Amino acid sequence: CGLHFHSMLFRTFFALIMLLSLRLGGAFVPRSLPLVTLSRRGLSSGSGARPRPELRSVEEEVDPGAVEGTDKRIVKYPHPALRAKNALCTDEEIADGTIASLAKEMFLIMYAANGVGLAAPQVGVNKRLMVYNPSGDRSKWMEETVWVNPEIVGNAEAEATEEEGCLSFPGMQGRVNRPKWIKIEGKNLKGKTFKKKFTGFEARVFQHEYDHLDGVVYIDRLIDEAERESVQGRLDELVTEYGDGGAL
């Protein structure tokens, strides 16, 4: 009797699943991927389901082109701004709102591109400024972070390997080693100096964006020559698309 009862429950449950499947278009498709990148794409290092705390749901990064509210755009490798020296943000620029305005525009572009972080050089402005939101969700504005003139003042010796992507390198990813934790000093938009220690995904996001402030891009940190060879074809395409005057 008990077996028959459970069998009936199973058939009923199965029928409900099939009905739900048909209403959804015939199949169940997970809405997230296990990834972890700086473009919300899975830095498998990526984003997606949550097998680990630092993973979160993601969408494919996109080139947003023109974004409402700003005339700036994401520059792509090998744009010279990605390799140029980045100047400190001055006290005057902080006080008069220039840096706050730039940070606001950067967030607009970052969200439009489905990214989680963006550095000023990536929009053609060679200033030591970065913004990020580890969730990649504009509705979670409390997680938005702005760093003005940041410096890494300490880091772990132990490293973790994750796959990263970058909005300035569309259509490619690669594995990168980075310290598991870092200590940072920098300023906020009011010019106040503060310190933080980051671990896990936020530490990786920060280090990725911080590299941009030093003219370093993530392909410079790929774990080995084989990893470099795996993306070389796409790099060649980006160089061709950019044309003359690029900075490799």
# chains A, B, ... in the order shown; residues from 1 in each chain; ligands from 1

call {"tool": "closest_atom_pairs", "arguments": {"of": "region 205-237 of chain A", "to": "region 70-83 of chain A", "cutoff": "8 Å", "atoms": "only C-alpha atoms", "output": "CSV"}}
result
residue,atom,partner,partner_atom,distance
A:His212,CA,A:Leu82,CA,6.7
A:Asp214,CA,A:Arg83,CA,7.9
A:Gly215,CA,A:Arg83,CA,4.3
A:Val216,CA,A:Arg83,CA,6.8
A:Val217,CA,A:Leu82,CA,7.5

call {"tool": "residues_around", "arguments": {"residues": "Phe107 (chain A)", "least_positions_apart": "6", "cutoff": "8 Å", "atoms": "only C-alpha atoms", "output": "number ranges by chain"}}
result
A: 118, 131-132

call {"tool": "write_last_selection", "arguments": {"atoms": "all heavy atoms", "output": "PDB file, in the first residue's frame"}}
result
ATOM      1  N   LEU A 118      35.456  48.314 -13.856  1.00  0.00           N
ATOM      2  CA  LEU A 118      35.945  49.134 -14.960  1.00  0.00           C
ATOM      3  C   LEU A 118      36.972  50.125 -14.411  1.00  0.00           C
ATOM      4  O   LEU A 118      36.773  50.713 -13.347  1.00  0.00           O
ATOM      5  CB  LEU A 118      34.785  49.894 -15.615  1.00  0.00           C
ATOM      6  CG  LEU A 118      35.015  50.466 -17.023  1.00  0.00           C
ATOM      7  CD1 LEU A 118      35.272  49.353 -18.038  1.00  0.00           C
ATOM      8  CD2 LEU A 118      33.814  51.294 -17.465  1.00  0.00           C
ATOM      9  N   VAL A 131      36.128  51.605 -10.675  1.00  0.00           N
ATOM     10  CA  VAL A 131      34.825  51.342 -10.066  1.00  0.00           C
ATOM     11  C   VAL A 131      34.510  49.869 -10.224  1.00  0.00           C
ATOM     12  O   VAL A 131      34.973  49.224 -11.168  1.00  0.00           O
ATOM     13  CB  VAL A 131      33.697  52.183 -10.710  1.00  0.00           C
ATOM     14  CG1 VAL A 131      34.032  53.665 -10.671  1.00  0.00           C
ATOM     15  CG2 VAL A 131      33.419  51.746 -12.162  1.00  0.00           C
ATOM     16  N   TYR A 132      33.733  49.334  -9.295  1.00  0.00           N
ATOM     17  CA  TYR A 132      33.257  47.967  -9.476  1.00  0.00           C
ATOM     18  C   TYR A 132      32.060  47.692  -8.576  1.00  0.00           C
ATOM     19  O   TYR A 132      31.791  48.405  -7.618  1.00  0.00           O
ATOM     20  CB  TYR A 132      34.365  46.932  -9.240  1.00  0.00           C
ATOM     21  CG  TYR A 132      34.963  46.890  -7.858  1.00  0.00           C
ATOM     22  CD1 TYR A 132      34.366  46.171  -6.823  1.00  0.00           C
ATOM     23  CD2 TYR A 132      36.165  47.548  -7.587  1.00  0.00           C
ATOM     24  CE1 TYR A 132      34.932  46.114  -5.563  1.00  0.00           C
ATOM     25  CE2 TYR A 132      36.737  47.494  -6.324  1.00  0.00           C
ATOM     26  CZ  TYR A 132      36.112  46.768  -5.311  1.00  0.00           C
ATOM     27  OH  TYR A 132      36.677  46.718  -4.064  1.00  0.00           O
TER      28      TYR A 132
END

call {"tool": "closest_residue", "arguments": {"among": "A:Val148, A:Met130, A:Ile223, A:Val205", "to": "Asp91 (chain A)", "atoms": "only C-alpha atoms"}}
result
A:Val148

call {"tool": "closest_atom_pairs", "arguments": {"of": "region 113-150 of chain A", "to": "region 103-106 of chain A", "cutoff": "12 Å", "atoms": "only C-alpha atoms", "output": "tab-separated table"}}
result
residue	atom	partner	partner_atom	distance
A:Ala113	CA	A:Met106	CA	10.6
A:Gly115	CA	A:Met106	CA	10.6
A:Val116	CA	A:Met106	CA	11.0
A:Gly117	CA	A:Met106	CA	9.0
A:Leu118	CA	A:Met106	CA	6.8
A:Ala119	CA	A:Met106	CA	7.9
A:Ala120	CA	A:Met106	CA	7.4
A:Pro121	CA	A:Met106	CA	10.4
A:Gln122	CA	A:Met106	CA	9.1
A:Val123	CA	A:Met106	CA	7.6
A:Gly124	CA	A:Met106	CA	10.8
A:Val125	CA	A:Met106	CA	10.4
A:Lys127	CA	A:Ala103	CA	11.0
A:Arg128	CA	A:Ala103	CA	11.2
A:Leu129	CA	A:Ala103	CA	7.8
A:Met130	CA	A:Ala103	CA	7.6
A:Val131	CA	A:Ala103	CA	6.7
A:Tyr132	CA	A:Met106	CA	9.2
A:Asn133	CA	A:Met106	CA	11.5
A:Arg138	CA	A:Lys104	CA	11.9
A:Trp141	CA	A:Lys104	CA	11.7
A:Glu144	CA	A:Ala103	CA	10.5
A:Thr145	CA	A:Ala103	CA	9.7
A:Val146	CA	A:Ala103	CA	7.2
A:Trp147	CA	A:Ala103	CA	9.3
A:Val148	CA	A:Ala103	CA	9.6

call {"tool": "select_by_dssp", "arguments": {"residues": "region 74-213 of chain A", "states": "helix (DSSP H, G or I)", "output": "PyMOL selection string"}}
result
chain A and resi 80-82+91-95+98-112+120-123+141-143+200-213

call {"tool": "closest_residue", "arguments": {"among": "A:Pro170, A:Pro179, A:Gly233, A:Gly165", "to": "Tyr218 (chain A)", "atoms": "only C-alpha atoms"}}
result
A:Gly165

call {"tool": "closest_residue", "arguments": {"among": "A:Glu151, A:Glu225, A:Glu209, A:Glu237", "to": "Lys183 (chain A)", "atoms": "only C-alpha atoms"}}
result
A:Glu151

call {"tool": "closest_residue", "arguments": {"among": "A:Leu108, A:Cys166, A:Val231, A:Lys140", "to": "Val67 (chain A)", "atoms": "only C-alpha atoms"}}
result
A:Leu108

call {"tool": "select_by_dssp", "arguments": {"residues": "region 75-147 of chain A", "states": "strand (DSSP E)", "output": "VMD selection string"}}
result
chain A and resid 117 to 119 129 to 132 145 to 147

call {"tool": "residues_around", "arguments": {"residues": "Ile152 (chain A)", "least_positions_apart": "4", "cutoff": "7 Å", "atoms": "only C-alpha atoms", "output": "MDAnalysis selection string"}}
result
chainID A and resid 182:185

call {"tool": "closest_residue", "arguments": {"among": "A:Ala226, A:Ile219, A:Ala203, A:Leu189", "to": "Thr98 (chain A)", "atoms": "only C-alpha atoms"}}
result
A:Leu189

call {"tool": "closest_residue", "arguments": {"among": "A:Tyr242, A:Arg175, A:Asp236, A:Lys85", "to": "Asp224 (chain A)", "atoms": "only C-alpha atoms"}}
result
A:Arg175

call {"tool": "atom_distance", "arguments": {"atom1": "CA of Leu238 (chain A)", "atom2": "CA of Pro134 (chain A)"}}
result
27.1 Å

call {"tool": "atom_distance", "arguments": {"atom1": "CA of Asp220 (chain A)", "atom2": "CA of Gly154 (chain A)"}}
result
21.0 Å

call {"tool": "atom_distance", "arguments": {"atom1": "CA of Asn126 (chain A)", "atom2": "CA of Gly174 (chain A)"}}
result
25.0 Å

call {"tool": "decode", "arguments": {"residues": "region 131-162 of chain A", "atoms": "N, CA, C and O atoms", "output": "PDB file, in the first residue's frame"}}
result
ATOM      1  N   VAL A 131      36.128  51.605 -10.675  1.00  0.00           N
ATOM      2  CA  VAL A 131      34.825  51.342 -10.066  1.00  0.00           C
ATOM      3  C   VAL A 131      34.510  49.869 -10.224  1.00  0.00           C
ATOM      4  O   VAL A 131      34.973  49.224 -11.168  1.00  0.00           O
ATOM      5  N   TYR A 132      33.733  49.334  -9.295  1.00  0.00           N
ATOM      6  CA  TYR A 132      33.257  47.967  -9.476  1.00  0.00           C
ATOM      7  C   TYR A 132      32.060  47.692  -8.576  1.00  0.00           C
ATOM      8  O   TYR A 132      31.791  48.405  -7.618  1.00  0.00           O
ATOM      9  N   ASN A 133      31.349  46.648  -8.937  1.00  0.00           N
ATOM     10  CA  ASN A 133      30.235  46.119  -8.151  1.00  0.00           C
ATOM     11  C   ASN A 133      30.306  44.603  -8.307  1.00  0.00           C
ATOM     12  O   ASN A 133      29.977  44.081  -9.375  1.00  0.00           O
ATOM     13  N   PRO A 134      30.764  43.875  -7.290  1.00  0.00           N
ATOM     14  CA  PRO A 134      30.953  42.431  -7.430  1.00  0.00           C
ATOM     15  C   PRO A 134      29.714  41.674  -7.879  1.00  0.00           C
ATOM     16  O   PRO A 134      29.824  40.618  -8.495  1.00  0.00           O
ATOM     17  N   SER A 135      28.524  42.213  -7.597  1.00  0.00           N
ATOM     18  CA  SER A 135      27.293  41.536  -8.008  1.00  0.00           C
ATOM     19  C   SER A 135      26.991  41.749  -9.482  1.00  0.00           C
ATOM     20  O   SER A 135      26.268  40.962 -10.092  1.00  0.00           O
ATOM     21  N   GLY A 136      27.518  42.843 -10.057  1.00  0.00           N
ATOM     22  CA  GLY A 136      27.193  43.176 -11.434  1.00  0.00           C
ATOM     23  C   GLY A 136      25.751  43.615 -11.622  1.00  0.00           C
ATOM     24  O   GLY A 136      25.275  43.759 -12.744  1.00  0.00           O
ATOM     25  N   ASP A 137      25.051  43.869 -10.519  1.00  0.00           N
ATOM     26  CA  ASP A 137      23.625  44.193 -10.551  1.00  0.00           C
ATOM     27  C   ASP A 137      23.434  45.654 -10.149  1.00  0.00           C
ATOM     28  O   ASP A 137      23.697  46.027  -9.003  1.00  0.00           O
ATOM     29  N   ARG A 138      22.963  46.473 -11.081  1.00  0.00           N
ATOM     30  CA  ARG A 138      22.815  47.906 -10.785  1.00  0.00           C
ATOM     31  C   ARG A 138      21.791  48.177  -9.687  1.00  0.00           C
ATOM     32  O   ARG A 138      21.848  49.229  -9.046  1.00  0.00           O
ATOM     33  N   SER A 139      20.866  47.248  -9.454  1.00  0.00           N
ATOM     34  CA  SER A 139      19.884  47.451  -8.383  1.00  0.00           C
ATOM     35  C   SER A 139      20.525  47.289  -7.007  1.00  0.00           C
ATOM     36  O   SER A 139      19.982  47.768  -6.007  1.00  0.00           O
ATOM     37  N   LYS A 140      21.691  46.631  -6.954  1.00  0.00           N
ATOM     38  CA  LYS A 140      22.405  46.463  -5.685  1.00  0.00           C
ATOM     39  C   LYS A 140      23.472  47.559  -5.571  1.00  0.00           C
ATOM     40  O   LYS A 140      24.671  47.294  -5.459  1.00  0.00           O
ATOM     41  N   TRP A 141      23.002  48.798  -5.569  1.00  0.00           N
ATOM     42  CA  TRP A 141      23.918  49.933  -5.616  1.00  0.00           C
ATOM     43  C   TRP A 141      24.737  50.079  -4.337  1.00  0.00           C
ATOM     44  O   TRP A 141      25.795  50.709  -4.350  1.00  0.00           O
ATOM     45  N   MET A 142      24.284  49.454  -3.250  1.00  0.00           N
ATOM     46  CA  MET A 142      25.061  49.515  -2.013  1.00  0.00           C
ATOM     47  C   MET A 142      26.387  48.768  -2.135  1.00  0.00           C
ATOM     48  O   MET A 142      27.296  48.972  -1.326  1.00  0.00           O
ATOM     49  N   GLU A 143      26.509  47.915  -3.148  1.00  0.00           N
ATOM     50  CA  GLU A 143      27.747  47.170  -3.363  1.00  0.00           C
ATOM     51  C   GLU A 143      28.702  47.896  -4.311  1.00  0.00           C
ATOM     52  O   GLU A 143      29.807  47.416  -4.570  1.00  0.00           O
ATOM     53  N   GLU A 144      28.292  49.045  -4.806  1.00  0.00           N
ATOM     54  CA  GLU A 144      29.178  49.812  -5.683  1.00  0.00           C
ATOM     55  C   GLU A 144      30.365  50.365  -4.905  1.00  0.00           C
ATOM     56  O   GLU A 144      30.213  50.870  -3.788  1.00  0.00           O
ATOM     57  N   THR A 145      31.533  50.241  -5.504  1.00  0.00           N
ATOM     58  CA  THR A 145      32.759  50.698  -4.856  1.00  0.00           C
ATOM     59  C   THR A 145      33.562  51.567  -5.821  1.00  0.00           C
ATOM     60  O   THR A 145      33.709  51.207  -6.990  1.00  0.00           O
ATOM     61  N   VAL A 146      34.056  52.669  -5.330  1.00  0.00           N
ATOM     62  CA  VAL A 146      34.914  53.562  -6.115  1.00  0.00           C
ATOM     63  C   VAL A 146      36.230  53.720  -5.369  1.00  0.00           C
ATOM     64  O   VAL A 146      36.244  54.017  -4.169  1.00  0.00           O
ATOM     65  N   TRP A 147      37.331  53.528  -6.077  1.00  0.00           N
ATOM     66  CA  TRP A 147      38.659  53.745  -5.509  1.00  0.00           C
ATOM     67  C   TRP A 147      39.373  54.843  -6.290  1.00  0.00           C
ATOM     68  O   TRP A 147      39.492  54.762  -7.511  1.00  0.00           O
ATOM     69  N   VAL A 148      39.813  55.844  -5.554  1.00  0.00           N
ATOM     70  CA  VAL A 148      40.557  56.961  -6.141  1.00  0.00           C
ATOM     71  C   VAL A 148      42.018  56.846  -5.684  1.00  0.00           C
ATOM     72  O   VAL A 148      42.291  56.741  -4.490  1.00  0.00           O
ATOM     73  N   ASN A 149      42.933  56.839  -6.632  1.00  0.00           N
ATOM     74  CA  ASN A 149      44.368  56.723  -6.338  1.00  0.00           C
ATOM     75  C   ASN A 149      44.698  55.551  -5.410  1.00  0.00           C
ATOM     76  O   ASN A 149      45.407  55.702  -4.411  1.00  0.00           O
ATOM     77  N   PRO A 150      44.191  54.365  -5.709  1.00  0.00           N
ATOM     78  CA  PRO A 150      44.435  53.230  -4.816  1.00  0.00           C
ATOM     79  C   PRO A 150      45.861  52.702  -4.933  1.00  0.00           C
ATOM     80  O   PRO A 150      46.531  52.888  -5.947  1.00  0.00           O
ATOM     81  N   GLU A 151      46.304  52.047  -3.869  1.00  0.00           N
ATOM     82  CA  GLU A 151      47.601  51.383  -3.856  1.00  0.00           C
ATOM     83  C   GLU A 151      47.465  50.058  -3.115  1.00  0.00           C
ATOM     84  O   GLU A 151      46.831  50.003  -2.054  1.00  0.00           O
ATOM     85  N   ILE A 152      48.046  49.000  -3.653  1.00  0.00           N
ATOM     86  CA  ILE A 152      48.123  47.727  -2.941  1.00  0.00           C
ATOM     87  C   ILE A 152      49.336  47.804  -2.018  1.00  0.00           C
ATOM     88  O   ILE A 152      50.459  48.002  -2.476  1.00  0.00           O
ATOM     89  N   VAL A 153      49.111  47.646  -0.714  1.00  0.00           N
ATOM     90  CA  VAL A 153      50.191  47.797   0.263  1.00  0.00           C
ATOM     91  C   VAL A 153      50.588  46.475   0.909  1.00  0.00           C
ATOM     92  O   VAL A 153      51.520  46.418   1.708  1.00  0.00           O
ATOM     93  N   GLY A 154      49.889  45.418   0.582  1.00  0.00           N
ATOM     94  CA  GLY A 154      50.222  44.103   1.113  1.00  0.00           C
ATOM     95  C   GLY A 154      49.448  43.034   0.370  1.00  0.00           C
ATOM     96  O   GLY A 154      48.373  43.302  -0.172  1.00  0.00           O
ATOM     97  N   ASN A 155      49.989  41.831   0.325  1.00  0.00           N
ATOM     98  CA  ASN A 155      49.292  40.739  -0.347  1.00  0.00           C
ATOM     99  C   ASN A 155      49.782  39.388   0.151  1.00  0.00           C
ATOM    100  O   ASN A 155      50.869  39.257   0.718  1.00  0.00           O
ATOM    101  N   ALA A 156      48.961  38.381  -0.081  1.00  0.00           N
ATOM    102  CA  ALA A 156      49.304  37.014   0.299  1.00  0.00           C
ATOM    103  C   ALA A 156      50.403  36.479  -0.611  1.00  0.00           C
ATOM    104  O   ALA A 156      50.501  36.876  -1.779  1.00  0.00           O
ATOM    105  N   GLU A 157      51.208  35.573  -0.080  1.00  0.00           N
ATOM    106  CA  GLU A 157      52.170  34.876  -0.924  1.00  0.00           C
ATOM    107  C   GLU A 157      51.473  33.781  -1.720  1.00  0.00           C
ATOM    108  O   GLU A 157      51.828  33.515  -2.869  1.00  0.00           O
ATOM    109  N   ALA A 158      50.481  33.161  -1.116  1.00  0.00           N
ATOM    110  CA  ALA A 158      49.728  32.107  -1.800  1.00  0.00           C
ATOM    111  C   ALA A 158      48.878  32.704  -2.909  1.00  0.00           C
ATOM    112  O   ALA A 158      48.301  33.789  -2.753  1.00  0.00           O
ATOM    113  N   GLU A 159      48.801  31.999  -4.024  1.00  0.00           N
ATOM    114  CA  GLU A 159      48.041  32.485  -5.168  1.00  0.00           C
ATOM    115  C   GLU A 159      46.941  31.504  -5.557  1.00  0.00           C
ATOM    116  O   GLU A 159      46.985  30.321  -5.200  1.00  0.00           O
ATOM    117  N   ALA A 160      45.966  32.012  -6.277  1.00  0.00           N
ATOM    118  CA  ALA A 160      44.886  31.195  -6.820  1.00  0.00           C
ATOM    119  C   ALA A 160      44.833  31.421  -8.322  1.00  0.00           C
ATOM    120  O   ALA A 160      45.111  32.532  -8.801  1.00  0.00           O
ATOM    121  N   THR A 161      44.495  30.389  -9.051  1.00  0.00           N
ATOM    122  CA  THR A 161      44.388  30.474 -10.503  1.00  0.00           C
ATOM    123  C   THR A 161      42.921  30.501 -10.898  1.00  0.00           C
ATOM    124  O   THR A 161      42.152  29.622 -10.492  1.00  0.00           O
ATOM    125  N   GLU A 162      42.539  31.498 -11.653  1.00  0.00           N
ATOM    126  CA  GLU A 162      41.169  31.615 -12.144  1.00  0.00           C
ATOM    127  C   GLU A 162      41.198  32.099 -13.585  1.00  0.00           C
ATOM    128  O   GLU A 162      42.165  32.719 -14.021  1.00  0.00           O
TER     129      GLU A 162
END
